Amino acid sequence: MVEPTVLFITTGLSAGGAEQSLIRLLSGLRGGPVRPALASLRSGGSLADAAAALDLPFMELDMEKGGTERVAGTIRLVRFARAFRPDILQGWMYHGNAAASLTSLAMPGSRVFWAVRQSLGAPETEHAGTSRLIRRSVHLHRRPEIIVYNSAVAARDHEELGYPEHRRMVIPNGFDTDRFRPDPDARDQVRKELGLSRDTRLIGMVARHHPVKDHAGFLKAAAVLAGAEPDVHYLLTGAGVTDDNRELSDQVRSLDLTSRCHLLGERNDIPAVTAALDIAALTSISEGFPNVIGEAMACGVPVAATCAGEVPELLDGIGTVVPCGDPDRMAAAWRGLLEMPAERRRSLADAGRARIQDRFGITRMISSFEKLYQAPGSGG
């Protein structure tokens, strides 16, 4: 069988969940029946070095600058595609999807696939340009042969806008359970870094600073819990989650959480940070298939999260799901987990890890994409 060549065109390579899933997928595809290449419309980003280290054809295009740089980047992308001669142009996220469709005009023999990595539960949090692109992409619906979603919720949201249902394929995110695993040593290491005792209880959220993640809601829940559980500390990590973020630091200060809330910014040791938590939280008002929930479950950490995207399915029976935008309910969920008998907490942790291993392993995701790329074309 001839190895299909697939050119992935991604919006960028920041440390978001969609970008991390792409790097995991590309790493898994290497040496298999699919030959991948990667083009990033934006240059740099926390995962750019990881992409370069994959040792596959890779190009960064500087197209975020606009103007003449965007025109030059488009020309370079077309040249890169023609040199690689892909059987499939795989867009990744909205701008990557649009670029795959446009590039196909110069590559008439290539099939076009899109990848949509989020739901649309909070469209008001999107940048105006992205929001317009989401809707205008409906008019390009004849270009993608397949639209790969990471959740059924994301598929339904987009199909309500007019994305074609018959081109839907859902491939959930996959998790590396060797990398994300229970790690007792991490508990001591992270608490030592924060100047905390080993017995300090720690509730944390891994998320970039963005309105959709609702960091304000997390902090309000922390303030509610503070009265009942004065010894609990809170950890926030992700791009933009630093003391230099005036909006975030002002919220911490106004809620009298300064001595107990730790803003760690972007980290490259997320498996250890996650494994160190007593509770992993997610306060998002919209999600597709959140990596951080699967990663926490793989680490054997109990989870309390809002009912965004596929969270209810992920946590069904083994985690706590609360309504979006309800800090009081989130605080109550945290308190319930903290007061839970140790044996019950261990049972939840074991069940969460087992679910990720059984249903959402990285090898299953990679195999699903391989089968997709090897399938005969159905025509665009």
# chains A, B, ... in the order shown; residues from 1 in each chain; ligands from 1
>>> residues_around(residues="region 222-226 of chain A", least_positions_apart="3", cutoff="10 Å", atoms="only C-alpha atoms", output="ChimeraX atom specification")
/A:203,216-219,229-234,252,254-257,260-261,327-335
>>> write_last_selection(atoms="N, CA and C atoms", output="PDB file, in the first residue's frame")
ATOM      1  N   ILE A 203      -5.695  22.823  45.157  1.00  0.00           N
ATOM      2  CA  ILE A 203      -6.670  22.759  44.068  1.00  0.00           C
ATOM      3  C   ILE A 203      -6.112  23.576  42.911  1.00  0.00           C
ATOM      4  N   ALA A 216     -11.931  34.113  36.550  1.00  0.00           N
ATOM      5  CA  ALA A 216     -12.641  34.878  37.583  1.00  0.00           C
ATOM      6  C   ALA A 216     -13.579  33.973  38.362  1.00  0.00           C
ATOM      7  N   GLY A 217     -14.228  33.045  37.658  1.00  0.00           N
ATOM      8  CA  GLY A 217     -15.111  32.091  38.332  1.00  0.00           C
ATOM      9  C   GLY A 217     -14.341  31.163  39.261  1.00  0.00           C
ATOM     10  N   PHE A 218     -13.163  30.717  38.813  1.00  0.00           N
ATOM     11  CA  PHE A 218     -12.321  29.877  39.680  1.00  0.00           C
ATOM     12  C   PHE A 218     -11.985  30.632  40.961  1.00  0.00           C
ATOM     13  N   LEU A 219     -11.575  31.884  40.831  1.00  0.00           N
ATOM     14  CA  LEU A 219     -11.164  32.649  42.010  1.00  0.00           C
ATOM     15  C   LEU A 219     -12.344  32.940  42.930  1.00  0.00           C
ATOM     16  N   GLU A 229     -12.579  26.255  54.434  1.00  0.00           N
ATOM     17  CA  GLU A 229     -11.332  25.487  54.350  1.00  0.00           C
ATOM     18  C   GLU A 229     -10.154  26.465  54.263  1.00  0.00           C
ATOM     19  N   PRO A 230      -9.787  27.079  55.380  1.00  0.00           N
ATOM     20  CA  PRO A 230      -8.780  28.144  55.340  1.00  0.00           C
ATOM     21  C   PRO A 230      -7.364  27.685  55.008  1.00  0.00           C
ATOM     22  N   ASP A 231      -7.105  26.370  55.048  1.00  0.00           N
ATOM     23  CA  ASP A 231      -5.749  25.897  54.789  1.00  0.00           C
ATOM     24  C   ASP A 231      -5.511  25.479  53.345  1.00  0.00           C
ATOM     25  N   VAL A 232      -6.536  25.534  52.490  1.00  0.00           N
ATOM     26  CA  VAL A 232      -6.406  25.100  51.098  1.00  0.00           C
ATOM     27  C   VAL A 232      -5.696  26.182  50.288  1.00  0.00           C
ATOM     28  N   HIS A 233      -4.796  25.741  49.402  1.00  0.00           N
ATOM     29  CA  HIS A 233      -4.130  26.655  48.480  1.00  0.00           C
ATOM     30  C   HIS A 233      -4.602  26.370  47.056  1.00  0.00           C
ATOM     31  N   TYR A 234      -4.359  27.354  46.167  1.00  0.00           N
ATOM     32  CA  TYR A 234      -4.875  27.293  44.800  1.00  0.00           C
ATOM     33  C   TYR A 234      -3.753  27.570  43.815  1.00  0.00           C
ATOM     34  N   VAL A 252      -7.248  38.415  42.279  1.00  0.00           N
ATOM     35  CA  VAL A 252      -6.705  37.669  43.420  1.00  0.00           C
ATOM     36  C   VAL A 252      -6.663  38.557  44.658  1.00  0.00           C
ATOM     37  N   SER A 254      -8.350  41.374  45.291  1.00  0.00           N
ATOM     38  CA  SER A 254      -9.661  41.838  45.755  1.00  0.00           C
ATOM     39  C   SER A 254     -10.419  40.757  46.526  1.00  0.00           C
ATOM     40  N   LEU A 255     -10.109  39.497  46.252  1.00  0.00           N
ATOM     41  CA  LEU A 255     -10.773  38.392  46.934  1.00  0.00           C
ATOM     42  C   LEU A 255      -9.972  37.897  48.135  1.00  0.00           C
ATOM     43  N   ASP A 256      -8.906  38.627  48.486  1.00  0.00           N
ATOM     44  CA  ASP A 256      -8.074  38.307  49.649  1.00  0.00           C
ATOM     45  C   ASP A 256      -7.484  36.902  49.549  1.00  0.00           C
ATOM     46  N   LEU A 257      -6.986  36.566  48.347  1.00  0.00           N
ATOM     47  CA  LEU A 257      -6.402  35.249  48.106  1.00  0.00           C
ATOM     48  C   LEU A 257      -4.892  35.317  47.843  1.00  0.00           C
ATOM     49  N   ARG A 260      -2.585  32.682  49.213  1.00  0.00           N
ATOM     50  CA  ARG A 260      -2.929  31.274  48.980  1.00  0.00           C
ATOM     51  C   ARG A 260      -3.155  30.930  47.511  1.00  0.00           C
ATOM     52  N   CYS A 261      -2.981  31.887  46.634  1.00  0.00           N
ATOM     53  CA  CYS A 261      -3.178  31.615  45.213  1.00  0.00           C
ATOM     54  C   CYS A 261      -1.852  31.790  44.480  1.00  0.00           C
ATOM     55  N   PRO A 327     -19.937  29.770  40.742  1.00  0.00           N
ATOM     56  CA  PRO A 327     -18.833  29.579  41.701  1.00  0.00           C
ATOM     57  C   PRO A 327     -19.263  28.899  42.992  1.00  0.00           C
ATOM     58  N   ASP A 328     -20.492  29.158  43.455  1.00  0.00           N
ATOM     59  CA  ASP A 328     -20.944  28.531  44.699  1.00  0.00           C
ATOM     60  C   ASP A 328     -21.017  27.015  44.544  1.00  0.00           C
ATOM     61  N   ARG A 329     -21.539  26.555  43.403  1.00  0.00           N
ATOM     62  CA  ARG A 329     -21.631  25.112  43.168  1.00  0.00           C
ATOM     63  C   ARG A 329     -20.234  24.502  42.991  1.00  0.00           C
ATOM     64  N   MET A 330     -19.332  25.250  42.354  1.00  0.00           N
ATOM     65  CA  MET A 330     -17.973  24.749  42.201  1.00  0.00           C
ATOM     66  C   MET A 330     -17.296  24.620  43.562  1.00  0.00           C
ATOM     67  N   ALA A 331     -17.449  25.637  44.410  1.00  0.00           N
ATOM     68  CA  ALA A 331     -16.859  25.577  45.746  1.00  0.00           C
ATOM     69  C   ALA A 331     -17.422  24.399  46.533  1.00  0.00           C
ATOM     70  N   ALA A 332     -18.716  24.144  46.396  1.00  0.00           N
ATOM     71  CA  ALA A 332     -19.335  23.011  47.096  1.00  0.00           C
ATOM     72  C   ALA A 332     -18.783  21.682  46.571  1.00  0.00           C
ATOM     73  N   ALA A 333     -18.543  21.630  45.262  1.00  0.00           N
ATOM     74  CA  ALA A 333     -17.967  20.416  44.682  1.00  0.00           C
ATOM     75  C   ALA A 333     -16.565  20.167  45.214  1.00  0.00           C
ATOM     76  N   TRP A 334     -15.769  21.221  45.305  1.00  0.00           N
ATOM     77  CA  TRP A 334     -14.419  21.079  45.857  1.00  0.00           C
ATOM     78  C   TRP A 334     -14.482  20.597  47.309  1.00  0.00           C
ATOM     79  N   ARG A 335     -15.362  21.197  48.074  1.00  0.00           N
ATOM     80  CA  ARG A 335     -15.458  20.832  49.485  1.00  0.00           C
ATOM     81  C   ARG A 335     -15.883  19.371  49.634  1.00  0.00           C
TER      82      ARG A 335
END
>>> select_by_dssp(residues="region 205-262 of chain A", states="strand (DSSP E)", output="ChimeraX atom specification")
/A:205-206,233-237,261-262
>>> closest_atom_pairs(of="region 275-366 of chain A", to="region 161-178 of chain A", cutoff="6 Å", atoms="only C-alpha atoms", output="Markdown table")
| residue | atom | partner | partner_atom | distance |
| --- | --- | --- | --- | --- |
| A:Ala298 | CA | A:Thr177 | CA | 5.8 |
| A:Phe360 | CA | A:Gly174 | CA | 5.0 |
| A:Gly361 | CA | A:Gly174 | CA | 4.9 |
| A:Ile362 | CA | A:Gly174 | CA | 4.0 |
| A:Met365 | CA | A:Gly174 | CA | 5.2 |
>>> residues_around(residues="Leu314 (chain A)", least_positions_apart="2", cutoff="12 Å", atoms="only C-alpha atoms", output="PDB file with C-alpha atoms, in the first residue's frame")
ATOM      1  CA  SER A 151     -16.282  15.899  20.339  1.00  0.00           C
ATOM      2  CA  PRO A 172     -11.705  12.107  20.616  1.00  0.00           C
ATOM      3  CA  ASN A 173      -8.425  13.360  21.989  1.00  0.00           C
ATOM      4  CA  GLY A 288     -14.780  20.781  23.059  1.00  0.00           C
ATOM      5  CA  PHE A 289     -12.863  17.878  24.551  1.00  0.00           C
ATOM      6  CA  PRO A 290     -10.629  19.402  27.254  1.00  0.00           C
ATOM      7  CA  ASN A 291      -7.190  17.824  27.432  1.00  0.00           C
ATOM      8  CA  VAL A 292      -6.611  18.985  30.993  1.00  0.00           C
ATOM      9  CA  ILE A 293      -9.484  16.858  32.293  1.00  0.00           C
ATOM     10  CA  GLY A 294      -8.210  13.707  30.599  1.00  0.00           C
ATOM     11  CA  GLU A 295      -4.685  14.456  31.791  1.00  0.00           C
ATOM     12  CA  ALA A 296      -5.827  14.885  35.396  1.00  0.00           C
ATOM     13  CA  MET A 297      -7.772  11.619  35.231  1.00  0.00           C
ATOM     14  CA  ALA A 298      -4.706   9.867  33.811  1.00  0.00           C
ATOM     15  CA  VAL A 303     -11.817  16.302  39.085  1.00  0.00           C
ATOM     16  CA  ALA A 304     -14.507  18.943  39.502  1.00  0.00           C
ATOM     17  CA  ALA A 305     -15.433  20.738  36.291  1.00  0.00           C
ATOM     18  CA  THR A 306     -18.193  22.661  34.595  1.00  0.00           C
ATOM     19  CA  CYS A 307     -20.571  20.924  32.194  1.00  0.00           C
ATOM     20  CA  ALA A 308     -18.825  22.300  29.091  1.00  0.00           C
ATOM     21  CA  GLY A 309     -18.317  20.215  25.962  1.00  0.00           C
ATOM     22  CA  GLU A 310     -17.586  16.547  26.568  1.00  0.00           C
ATOM     23  CA  VAL A 311     -16.843  17.000  30.287  1.00  0.00           C
ATOM     24  CA  PRO A 312     -20.053  15.233  31.452  1.00  0.00           C
ATOM     25  CA  ASP A 316     -19.756  10.376  34.185  1.00  0.00           C
ATOM     26  CA  GLY A 317     -19.902   8.566  37.517  1.00  0.00           C
ATOM     27  CA  ILE A 318     -16.313   9.317  38.536  1.00  0.00           C
ATOM     28  CA  GLY A 319     -16.104  13.099  38.869  1.00  0.00           C
ATOM     29  CA  THR A 320     -18.148  16.121  39.842  1.00  0.00           C
ATOM     30  CA  VAL A 321     -19.847  18.212  37.152  1.00  0.00           C
ATOM     31  CA  ALA A 351     -11.517   4.697  38.003  1.00  0.00           C
ATOM     32  CA  GLY A 352     -10.561   7.927  36.238  1.00  0.00           C
ATOM     33  CA  ARG A 353      -7.202   6.613  35.130  1.00  0.00           C
ATOM     34  CA  ALA A 354      -8.744   3.333  33.999  1.00  0.00           C
ATOM     35  CA  ARG A 355     -11.312   5.186  31.868  1.00  0.00           C
ATOM     36  CA  ILE A 356      -8.616   7.164  30.081  1.00  0.00           C
ATOM     37  CA  ARG A 359     -11.262   4.597  26.060  1.00  0.00           C
ATOM     38  CA  PHE A 360      -8.990   7.545  25.343  1.00  0.00           C
TER      39      PHE A 360
END
>>> residues_around(residues="Arg85 (chain A)", least_positions_apart="3", cutoff="8 Å", atoms="only C-alpha atoms", output="CSV table (one decimal) with C-alpha atoms, in the first residue's frame")
chain,number,residue,atom,x,y,z
A,5,THR,CA,1.2,12.0,2.5
A,81,ALA,CA,2.8,22.1,-0.5
A,82,ARG,CA,3.9,21.6,-4.1
>>> atom_distance(atom1="CA of Gly45 (chain A)", atom2="CA of Asp244 (chain A)")
19.3 Å
>>> select_by_dssp(residues="region 119-298 of chain A", states="alpha helix (DSSP H)", output="PyMOL selection string")
chain A and resi 128-136+152-161+184-194+215-228+246-254+270-275+291-298
>>> write_last_selection(atoms="C-alpha atoms", output="short mmCIF file (atom, residue, chain, number, x, y, z; two decimals), in the first residue's frame")
data_model
loop_
_atom_site.label_atom_id
_atom_site.label_comp_id
_atom_site.auth_asym_id
_atom_site.auth_seq_id
_atom_site.Cartn_x
_atom_site.Cartn_y
_atom_site.Cartn_z
CA ALA A 128 -14.07 39.24 16.20
CA GLY A 129 -11.91 37.98 13.33
CA THR A 130 -12.16 34.36 14.46
CA SER A 131 -15.91 34.67 14.98
CA ARG A 132 -16.33 35.96 11.42
CA LEU A 133 -14.15 33.17 10.05
CA ILE A 134 -16.20 30.50 11.85
CA ARG A 135 -19.33 31.71 10.06
CA ARG A 136 -17.76 32.45 6.69
CA ALA A 152 -19.88 15.33 19.33
CA VAL A 153 -20.79 18.60 21.07
CA ALA A 154 -18.44 20.51 18.78
CA ALA A 155 -19.93 18.77 15.74
CA ARG A 156 -23.49 19.67 16.71
CA ASP A 157 -22.61 23.29 17.44
CA HIS A 158 -21.00 23.78 14.04
CA GLU A 159 -23.66 21.87 12.14
CA GLU A 160 -26.24 24.26 13.58
CA LEU A 161 -24.33 27.01 11.79
CA PRO A 184 3.83 10.81 44.51
CA ASP A 185 7.18 12.57 44.19
CA ALA A 186 5.56 15.41 42.25
CA ARG A 187 3.44 16.28 45.28
CA ASP A 188 6.54 17.01 47.35
CA GLN A 189 8.40 18.76 44.52
CA VAL A 190 5.63 21.21 43.66
CA ARG A 191 4.84 22.03 47.28
CA LYS A 192 8.50 22.60 48.02
CA GLU A 193 8.69 25.00 45.07
CA LEU A 194 5.67 26.89 46.42
CA HIS A 215 -10.48 32.32 35.78
CA ALA A 216 -12.64 34.88 37.58
CA GLY A 217 -15.11 32.09 38.33
CA PHE A 218 -12.32 29.88 39.68
CA LEU A 219 -11.16 32.65 42.01
CA LYS A 220 -14.69 33.39 43.21
CA ALA A 221 -15.14 29.70 44.02
CA ALA A 222 -11.82 29.77 45.90
CA ALA A 223 -13.02 32.77 47.90
CA VAL A 224 -16.25 30.95 48.78
CA LEU A 225 -14.33 27.87 49.92
CA ALA A 226 -11.78 29.92 51.87
CA GLY A 227 -14.13 30.50 54.78
CA ALA A 228 -14.79 26.80 55.29
CA ARG A 246 -3.01 43.01 36.03
CA GLU A 247 -6.57 41.81 35.55
CA LEU A 248 -5.87 38.46 37.18
CA SER A 249 -3.68 39.75 40.00
CA ASP A 250 -6.26 42.43 40.85
CA GLN A 251 -8.93 39.72 41.11
CA VAL A 252 -6.70 37.67 43.42
CA ARG A 253 -6.04 40.70 45.60
CA SER A 254 -9.66 41.84 45.75
CA ILE A 270 2.45 19.94 33.34
CA PRO A 271 2.42 16.19 34.11
CA ALA A 272 4.18 16.85 37.42
CA VAL A 273 2.07 19.93 38.24
CA THR A 274 -1.13 18.01 37.51
CA ALA A 275 -0.08 14.95 39.51
CA ASN A 291 -7.19 17.82 27.43
CA VAL A 292 -6.61 18.99 30.99
CA ILE A 293 -9.48 16.86 32.29
CA GLY A 294 -8.21 13.71 30.60
CA GLU A 295 -4.68 14.46 31.79
CA ALA A 296 -5.83 14.88 35.40
CA MET A 297 -7.77 11.62 35.23
CA ALA A 298 -4.71 9.87 33.81
#
>>> atom_distance(atom1="CA of Val241 (chain A)", atom2="CA of Glu266 (chain A)")
7.2 Å
>>> atom_distance(atom1="CA of Pro36 (chain A)", atom2="CA of Phe8 (chain A)")
7.2 Å
>>> closest_residue(among="A:Glu19, A:Glu145, A:Asp269, A:Asp49", to="Ser101 (chain A)", atoms="only C-alpha atoms")
A:Glu145
